[in-house]
Amino acid sequence: MRAPRSALVVLFLTLLFLLGPFVILFWASFGTRASLAFPPEGFTVYWFKKVLGMRMFVDSFRVSVLLALSSTVAALALGIPAAYALVRSSFPGKSLLELFFTSPIIVPGLVLGFSLLQFFTAVARCPVASRLFLGHMVILFPYTVRVISASLRNFDPTVEEAAVSLGAPRWLAFFRVVLPNLRAGIMAAFILAFITSFNNVPVSLFLSGPGVTTLPIQMLTYMEYYYDPTIAALSTLLIFFTVVIIQLVEKTLGLSTTLGG
Amino acid sequence: MEYLRLARVTVGYRKGEPILSDFDLVVREGELVSLLGPSGCGKTTTLRTIAGFLFPWRGKVLLKDKDYTRVPPHRRNFGLVYQNYALFPHLSVFENVAFGLRMRRVPREEIRRRVQEALRLVSLEGFERRLPGQLSGGQRQRVALARALVMRPELLLLDEPLSNLDAKLRAGMRTELKRIQQELSVTAIYVTHDQAEAMALSDRVVLMRSGRIEQEGTPRELYFRPATPFVADFMGFTNRFTATVESREGEELVLQKGGIRIRAREKDLPPGTEVTVAIRPSSLRLSSPGGEGIPARLVSCAFQGESVQYVVETELGELMVVHPESTPRFSPGDEVVVRAVPEEVAVFPRKEDA
């Protein structure tokens, strides 16, 4: 069935509304004026060169990527067994525990960031890098548990039993049969967690410290002082960075199954 | 020869709520035994206990006199076939079948040979490289069967393996399953809720009801000599009413209710006993009024292809009659007489069961 014309118009307007800001940002990042303006005047790639040459952005970008990668991997390493335990067994207080696992999603980021700061300064003093890592892991963990649980629920437990009946001990059945079939869920959890960490402001804001700052925090700091196309150029680069990563994931692992499944 | 024995097994999923209590079951070597019963009767629990996924709280599981009660499932060589096939979706047909052999570290060459052999057995040669998602339901179940059989299991456990297939395919698979089971002379336990399937496949049927064995025997015994009203009901004795034993005449028992007399074969019941009578629709015959029988009025008739199903109203209540004929001989409103084939009338003393 073909969609009526009016629906197509709505779709187009929605797209325009969603993509419009990006287009403006993209365009503005090539302007020659020293302040952010629209429409921009002239054409230059000066701001891109400038961003790539700025230590503060290059360093914080590296911090953000490393932080996102490490906290995502750690959250998955904890989240997969947690999800497995939640889905495959029943014990008293299970639903309470499930609620607890989702609480960091419900609790406002600022509250979480502040309480983590309190915790790290008052109870567990540790270096800035490791408290950022632990903080992000805490935010990402519930996401991984949620996504992996969903894909585990779709995976028939008898398949695992079949593996056991064929001579595989439980743990081996998990690695040989369950894990390969969670691939789509794990990829989805990975992307979701990585992006969540990479974008995070509230928790990073509290936990960042001298010398170790994530890119979004660095960008906010910069914008407090300067309002030039540098940020627009950086944002454009980040959009391309994300598109490239998603493309890579799709080429190698098949994102359609990842996000669709 | 006795092969598998469950001895006074008590087992369940939740503490204090056993599904089976002091359950005994014996399976002989090379035999196909069906566990038949409605859902919730404990048949799957029995199978899972034998497979080792449930450990008995009390009692023992013995195979060839060896105690398997505490042997973990991956150390028992029992082949399992599930209703939903339970194939490994990420592995090819070949790898699915080879999985168990790889777990046992069987040499490469032997794996190849045995997998080919198993696939030949289930007529799936040439499908080695397909993924389960690319197969039809019937093909998937063949792969599951090959995967279980390639291990040369000591016991084949089948949990409603044909329930997900359509009726036509089911009949074909049933025959094939029986052929393979006999060819390999593997001892098999078959869980089903389908009476016809159990009849067609089994050497012996164990009919279960709420965690107990209601009756066990050959398909013919259950079909013709149900021991309880429950078995009778399950075996299609859908017409049911109460009556009183009037007398014995030779081999036959004369039952009576409100002046109506029905004859049933044997059973040692003294006159005056209150009984439940159960009769299959196909054991009843309709004829024009006159002679001995239950006077009745025809309520409806439905054409069913090879037979006609009549519903008649009698003093005993509504009865269903199935005649093997292609054109109805009576029409609604007709006065008729219902007769029962005495050998096929099941009689149970009352209060024994509802």
# chains A, B, ... in the order shown; residues from 1 in each chain; ligands from 1
$ interface_residues --of "chain B" --to "chain A" --cutoff "9 Å" --atoms "only C-alpha atoms" --output "CSV table (one decimal) with N, CA, C and O atoms, in the first residue's frame"
chain,number,residue,atom,x,y,z
B,51,ALA,N,16.5,-37.0,31.9
B,51,ALA,CA,17.6,-36.3,31.2
B,51,ALA,C,18.6,-35.8,32.2
B,51,ALA,O,19.8,-35.5,31.8
B,52,GLY,N,18.3,-35.6,33.4
B,52,GLY,CA,19.2,-35.0,34.4
B,52,GLY,C,19.1,-33.5,34.6
B,52,GLY,O,19.9,-33.0,35.3
B,53,PHE,N,18.1,-32.9,34.0
B,53,PHE,CA,18.0,-31.5,34.3
B,53,PHE,C,17.2,-31.2,35.6
B,53,PHE,O,17.2,-30.0,36.0
B,72,PRO,N,25.5,-35.5,36.4
B,72,PRO,CA,25.0,-34.3,35.7
B,72,PRO,C,24.7,-34.6,34.2
B,72,PRO,O,25.2,-35.5,33.6
B,73,PRO,N,23.7,-33.8,33.7
B,73,PRO,CA,23.2,-34.1,32.3
B,73,PRO,C,24.2,-34.3,31.2
B,73,PRO,O,24.1,-35.1,30.3
B,74,HIS,N,25.3,-33.5,31.3
B,74,HIS,CA,26.3,-33.6,30.2
B,74,HIS,C,27.2,-34.8,30.3
B,74,HIS,O,27.9,-35.1,29.4
B,75,ARG,N,27.1,-35.6,31.4
B,75,ARG,CA,27.8,-36.8,31.5
B,75,ARG,C,26.9,-38.0,31.2
B,75,ARG,O,27.3,-39.2,31.3
B,76,ARG,N,25.6,-37.8,30.9
B,76,ARG,CA,24.7,-38.9,30.5
B,76,ARG,C,24.7,-38.9,29.0
B,76,ARG,O,24.6,-37.8,28.4
B,77,ASN,N,24.8,-40.0,28.4
B,77,ASN,CA,24.7,-39.9,26.9
B,77,ASN,C,23.3,-40.3,26.5
B,77,ASN,O,23.0,-41.3,26.0
B,78,PHE,N,22.4,-39.3,26.8
B,78,PHE,CA,21.0,-39.5,26.4
B,78,PHE,C,20.6,-38.4,25.3
B,78,PHE,O,20.9,-37.3,25.5
B,79,GLY,N,20.1,-38.9,24.2
B,79,GLY,CA,19.8,-37.9,23.1
B,79,GLY,C,18.4,-37.3,23.4
B,79,GLY,O,17.5,-37.9,23.8
B,80,LEU,N,18.4,-36.0,23.2
B,80,LEU,CA,17.1,-35.2,23.5
B,80,LEU,C,16.6,-34.6,22.2
B,80,LEU,O,17.4,-34.0,21.5
B,81,VAL,N,15.3,-34.7,22.0
B,81,VAL,CA,14.7,-34.0,20.8
B,81,VAL,C,13.5,-33.3,21.4
B,81,VAL,O,12.7,-33.8,22.1
B,82,TYR,N,13.5,-32.0,21.1
B,82,TYR,CA,12.5,-31.1,21.7
B,82,TYR,C,11.4,-30.7,20.6
B,82,TYR,O,11.6,-30.8,19.4
B,84,ASN,N,10.4,-27.7,19.9
B,84,ASN,CA,10.8,-26.6,19.1
B,84,ASN,C,12.2,-26.8,18.5
B,84,ASN,O,12.9,-25.8,18.3
B,85,TYR,N,12.6,-28.0,18.3
B,85,TYR,CA,13.8,-28.4,17.6
B,85,TYR,C,15.1,-28.1,18.4
B,85,TYR,O,16.0,-28.9,18.5
B,86,ALA,N,15.1,-26.9,19.0
B,86,ALA,CA,16.3,-26.5,19.8
B,86,ALA,C,17.6,-26.6,19.0
B,86,ALA,O,18.6,-27.0,19.6
B,87,LEU,N,17.6,-26.3,17.7
B,87,LEU,CA,18.9,-26.4,17.0
B,87,LEU,C,19.7,-25.2,17.3
B,87,LEU,O,19.2,-24.2,17.8
B,88,PHE,N,21.0,-25.3,17.1
B,88,PHE,CA,21.9,-24.1,17.3
B,88,PHE,C,21.8,-23.2,16.1
B,88,PHE,O,22.3,-23.5,15.0
B,89,PRO,N,21.2,-22.0,16.3
B,89,PRO,CA,20.8,-21.2,15.1
B,89,PRO,C,22.1,-20.7,14.4
B,89,PRO,O,22.0,-20.4,13.2
B,90,HIS,N,23.2,-20.6,15.1
B,90,HIS,CA,24.4,-20.0,14.4
B,90,HIS,C,25.3,-21.0,13.8
B,90,HIS,O,26.3,-20.7,13.2
B,99,PHE,N,28.2,-31.3,16.8
B,99,PHE,CA,28.4,-30.7,18.1
B,99,PHE,C,28.8,-31.6,19.2
B,99,PHE,O,29.8,-31.5,19.9
B,100,GLY,N,28.0,-32.6,19.4
B,100,GLY,CA,28.2,-33.6,20.5
B,100,GLY,C,29.5,-34.3,20.3
B,100,GLY,O,30.2,-34.6,21.3
B,101,LEU,N,29.8,-34.7,19.1
B,101,LEU,CA,31.0,-35.5,18.8
B,101,LEU,C,32.2,-34.6,19.1
B,101,LEU,O,33.2,-35.1,19.6
B,103,MET,N,32.3,-32.2,21.3
B,103,MET,CA,32.4,-32.2,22.8
B,103,MET,C,33.1,-33.4,23.3
B,103,MET,O,33.8,-33.3,24.3
B,104,ARG,N,32.9,-34.5,22.7
B,104,ARG,CA,33.5,-35.8,23.1
B,104,ARG,C,34.9,-36.0,22.5
B,104,ARG,O,35.5,-37.0,22.7
B,147,ARG,N,21.1,-35.1,15.2
B,147,ARG,CA,22.0,-34.6,16.2
B,147,ARG,C,22.0,-35.5,17.5
B,147,ARG,O,23.1,-35.7,18.1
B,148,ALA,N,20.9,-36.0,17.8
B,148,ALA,CA,20.8,-36.8,19.0
B,148,ALA,C,21.3,-38.2,18.7
B,148,ALA,O,22.0,-38.8,19.5
B,151,MET,N,25.2,-39.5,18.4
B,151,MET,CA,25.9,-39.8,19.7
B,151,MET,C,25.8,-41.3,20.1
B,151,MET,O,26.3,-41.7,21.1
$ residues_around --residues "B:Met208" --least-positions-apart "3" --cutoff "8 Å" --atoms "only C-alpha atoms" --output "list in words"
Leu35, Leu36, Gly37, Pro38, Cys41, Gly42, Lys43, Gly211, Arg212, Ile213, Glu214 and Gln215 of chain B
$ write_last_selection --atoms "all heavy atoms" --output "PDB file, in the first residue's frame"
ATOM      1  N   LEU B  35       4.945 -41.466  27.206  1.00  0.00           N
ATOM      2  CA  LEU B  35       4.337 -40.894  28.394  1.00  0.00           C
ATOM      3  C   LEU B  35       3.221 -40.003  27.874  1.00  0.00           C
ATOM      4  O   LEU B  35       3.473 -39.001  27.219  1.00  0.00           O
ATOM      5  CB  LEU B  35       5.346 -40.072  29.189  1.00  0.00           C
ATOM      6  CG  LEU B  35       6.596 -40.813  29.678  1.00  0.00           C
ATOM      7  CD1 LEU B  35       7.495 -39.856  30.449  1.00  0.00           C
ATOM      8  CD2 LEU B  35       6.215 -41.990  30.557  1.00  0.00           C
ATOM      9  N   LEU B  36       2.004 -40.420  28.137  1.00  0.00           N
ATOM     10  CA  LEU B  36       0.849 -39.745  27.572  1.00  0.00           C
ATOM     11  C   LEU B  36       0.058 -39.102  28.701  1.00  0.00           C
ATOM     12  O   LEU B  36      -0.041 -39.670  29.790  1.00  0.00           O
ATOM     13  CB  LEU B  36      -0.005 -40.784  26.838  1.00  0.00           C
ATOM     14  CG  LEU B  36      -1.319 -40.346  26.212  1.00  0.00           C
ATOM     15  CD1 LEU B  36      -1.094 -39.363  25.097  1.00  0.00           C
ATOM     16  CD2 LEU B  36      -2.084 -41.561  25.687  1.00  0.00           C
ATOM     17  N   GLY B  37      -0.486 -37.937  28.422  1.00  0.00           N
ATOM     18  CA  GLY B  37      -1.331 -37.316  29.438  1.00  0.00           C
ATOM     19  C   GLY B  37      -1.586 -35.870  29.118  1.00  0.00           C
ATOM     20  O   GLY B  37      -0.932 -35.295  28.262  1.00  0.00           O
ATOM     21  N   PRO B  38      -2.560 -35.292  29.819  1.00  0.00           N
ATOM     22  CA  PRO B  38      -2.867 -33.879  29.583  1.00  0.00           C
ATOM     23  C   PRO B  38      -1.739 -33.005  30.107  1.00  0.00           C
ATOM     24  O   PRO B  38      -0.881 -33.479  30.849  1.00  0.00           O
ATOM     25  CB  PRO B  38      -4.141 -33.649  30.387  1.00  0.00           C
ATOM     26  CG  PRO B  38      -4.103 -34.685  31.456  1.00  0.00           C
ATOM     27  CD  PRO B  38      -3.388 -35.860  30.879  1.00  0.00           C
ATOM     28  N   CYS B  41       0.447 -33.087  33.715  1.00  0.00           N
ATOM     29  CA  CYS B  41       0.327 -34.390  34.361  1.00  0.00           C
ATOM     30  C   CYS B  41       1.674 -34.895  34.845  1.00  0.00           C
ATOM     31  O   CYS B  41       1.759 -35.898  35.542  1.00  0.00           O
ATOM     32  CB  CYS B  41      -0.280 -35.411  33.411  1.00  0.00           C
ATOM     33  SG  CYS B  41       0.823 -35.903  32.082  1.00  0.00           S
ATOM     34  N   GLY B  42       2.759 -34.207  34.487  1.00  0.00           N
ATOM     35  CA  GLY B  42       4.079 -34.597  34.974  1.00  0.00           C
ATOM     36  C   GLY B  42       4.909 -35.359  33.960  1.00  0.00           C
ATOM     37  O   GLY B  42       6.006 -35.815  34.267  1.00  0.00           O
ATOM     38  N   LYS B  43       4.410 -35.470  32.728  1.00  0.00           N
ATOM     39  CA  LYS B  43       5.162 -36.254  31.749  1.00  0.00           C
ATOM     40  C   LYS B  43       6.479 -35.589  31.360  1.00  0.00           C
ATOM     41  O   LYS B  43       7.515 -36.252  31.287  1.00  0.00           O
ATOM     42  CB  LYS B  43       4.313 -36.556  30.510  1.00  0.00           C
ATOM     43  CG  LYS B  43       3.687 -35.341  29.823  1.00  0.00           C
ATOM     44  CD  LYS B  43       2.644 -35.797  28.815  1.00  0.00           C
ATOM     45  CE  LYS B  43       2.247 -34.701  27.851  1.00  0.00           C
ATOM     46  NZ  LYS B  43       1.622 -33.513  28.456  1.00  0.00           N
ATOM     47  N   GLY B 211       0.781 -36.488  38.123  1.00  0.00           N
ATOM     48  CA  GLY B 211       1.982 -37.032  38.736  1.00  0.00           C
ATOM     49  C   GLY B 211       1.942 -38.515  39.044  1.00  0.00           C
ATOM     50  O   GLY B 211       2.872 -39.045  39.650  1.00  0.00           O
ATOM     51  N   ARG B 212       0.859 -39.181  38.647  1.00  0.00           N
ATOM     52  CA  ARG B 212       0.793 -40.618  38.898  1.00  0.00           C
ATOM     53  C   ARG B 212       0.524 -41.345  37.592  1.00  0.00           C
ATOM     54  O   ARG B 212       0.012 -40.763  36.638  1.00  0.00           O
ATOM     55  CB  ARG B 212      -0.352 -40.933  39.876  1.00  0.00           C
ATOM     56  CG  ARG B 212      -0.068 -40.510  41.303  1.00  0.00           C
ATOM     57  CD  ARG B 212      -1.258 -40.808  42.203  1.00  0.00           C
ATOM     58  NE  ARG B 212      -2.464 -40.105  41.740  1.00  0.00           N
ATOM     59  CZ  ARG B 212      -3.487 -40.680  41.101  1.00  0.00           C
ATOM     60  NH1 ARG B 212      -3.456 -41.984  40.827  1.00  0.00           N
ATOM     61  NH2 ARG B 212      -4.522 -39.974  40.726  1.00  0.00           N
ATOM     62  N   ILE B 213       0.850 -42.658  37.587  1.00  0.00           N
ATOM     63  CA  ILE B 213       0.516 -43.454  36.414  1.00  0.00           C
ATOM     64  C   ILE B 213      -0.904 -43.933  36.567  1.00  0.00           C
ATOM     65  O   ILE B 213      -1.245 -44.594  37.542  1.00  0.00           O
ATOM     66  CB  ILE B 213       1.474 -44.659  36.269  1.00  0.00           C
ATOM     67  CG1 ILE B 213       2.887 -44.153  35.968  1.00  0.00           C
ATOM     68  CG2 ILE B 213       0.986 -45.584  35.155  1.00  0.00           C
ATOM     69  CD1 ILE B 213       3.916 -45.242  35.852  1.00  0.00           C
ATOM     70  N   GLU B 214      -1.734 -43.575  35.623  1.00  0.00           N
ATOM     71  CA  GLU B 214      -3.134 -43.967  35.695  1.00  0.00           C
ATOM     72  C   GLU B 214      -3.289 -45.380  35.129  1.00  0.00           C
ATOM     73  O   GLU B 214      -4.006 -46.202  35.680  1.00  0.00           O
ATOM     74  CB  GLU B 214      -3.964 -42.968  34.903  1.00  0.00           C
ATOM     75  CG  GLU B 214      -5.442 -43.115  35.068  1.00  0.00           C
ATOM     76  CD  GLU B 214      -6.007 -42.453  36.322  1.00  0.00           C
ATOM     77  OE1 GLU B 214      -5.227 -41.850  37.082  1.00  0.00           O
ATOM     78  OE2 GLU B 214      -7.215 -42.550  36.538  1.00  0.00           O
ATOM     79  N   GLN B 215      -2.602 -45.648  34.042  1.00  0.00           N
ATOM     80  CA  GLN B 215      -2.607 -46.997  33.479  1.00  0.00           C
ATOM     81  C   GLN B 215      -1.418 -47.141  32.544  1.00  0.00           C
ATOM     82  O   GLN B 215      -1.042 -46.194  31.860  1.00  0.00           O
ATOM     83  CB  GLN B 215      -3.897 -47.254  32.680  1.00  0.00           C
ATOM     84  CG  GLN B 215      -4.009 -48.698  32.201  1.00  0.00           C
ATOM     85  CD  GLN B 215      -5.313 -48.962  31.440  1.00  0.00           C
ATOM     86  OE1 GLN B 215      -6.151 -48.075  31.285  1.00  0.00           O
ATOM     87  NE2 GLN B 215      -5.476 -50.188  30.971  1.00  0.00           N
TER      88      GLN B 215
END
$ atom_distance --atom1 "atom CA of A:Ile217" --atom2 "atom CA of A:Val145"
27.0 Å
$ residues_around --residues "B:Val122" --least-positions-apart "4" --cutoff "9 Å" --atoms "only C-alpha atoms" --output "list of chain:residue names"
B:Glu117, B:Ala118, B:Gln139, B:Arg142, B:Val143, B:Leu145, B:Ala146, B:Glu176, B:Leu177, B:Ile180
$ select_by_dssp --residues "stretch 73-231 of chain A" --states "helix (DSSP H, G or I)" --output "PyMOL selection string"
chain A and resi 73-88+94-106+109-122+128-153+157-165+170-181+183-199+202-207+215-225+230-231
$ residues_around --residues "stretch 231-237 of chain B" --least-positions-apart "4" --cutoff "7 Å" --atoms "only C-alpha atoms" --output "list in words"
Gln195, Tyr223, Pro226, Ala227, Ala278, Ile279 and Arg280 of chain B
$ closest_residue --among "B:Lys178, B:Arg225, B:Arg350, B:Arg209" --to "B:His193" --atoms "only C-alpha atoms"
B:Arg209
$ atom_distance --atom1 "atom CA of B:Asn239" --atom2 "atom CA of B:Ala340"
11.1 Å
$ residues_around --residues "A:Ile24" --least-positions-apart "6" --cutoff "10 Å" --atoms "only C-alpha atoms" --output "JSON, numbers by chain"
{"A": [37, 38, 39, 40, 232]}
$ residues_around --residues "B:Ser92" --least-positions-apart "2" --cutoff "8 Å" --atoms "only C-alpha atoms" --output "ChimeraX atom specification"
/B:89-90,94-96,128-132
$ select_by_dssp --residues "stretch 7-60 of chain B" --states "strand (DSSP E)" --output "ChimeraX atom specification"
/B:7-14,17-28,32-36,58-60
$ closest_residue --among "B:Val312, B:Ala302, B:Ala188, B:Leu25" --to "B:Glu154" --atoms "only C-alpha atoms"
B:Ala188
$ residues_around --residues "stretch 139-143 of chain A" --least-positions-apart "5" --cutoff "8 Å" --atoms "only C-alpha atoms" --output "count of residues only"
16
$ closest_residue --among "B:Leu255, B:Ile260, B:Leu156, B:Val71" --to "B:Thr273" --atoms "only C-alpha atoms"
B:Leu255
$ atom_distance --atom1 "atom CA of A:Lys49" --atom2 "atom CA of A:Tyr225"
19.7 Å
$ closest_residue --among "A:Pro202, A:Arg153, A:Gly31, A:Thr44" --to "A:Ser89" --atoms "only C-alpha atoms"
A:Arg153
$ closest_residue --among "A:Val87, A:Leu237, A:Val249, A:Leu112" --to "A:Leu205" --atoms "only C-alpha atoms"
A:Leu112
$ closest_residue --among "B:Met320, B:Leu284, B:Val347, B:Ala196" --to "B:Thr244" --atoms "only C-alpha atoms"
B:Val347
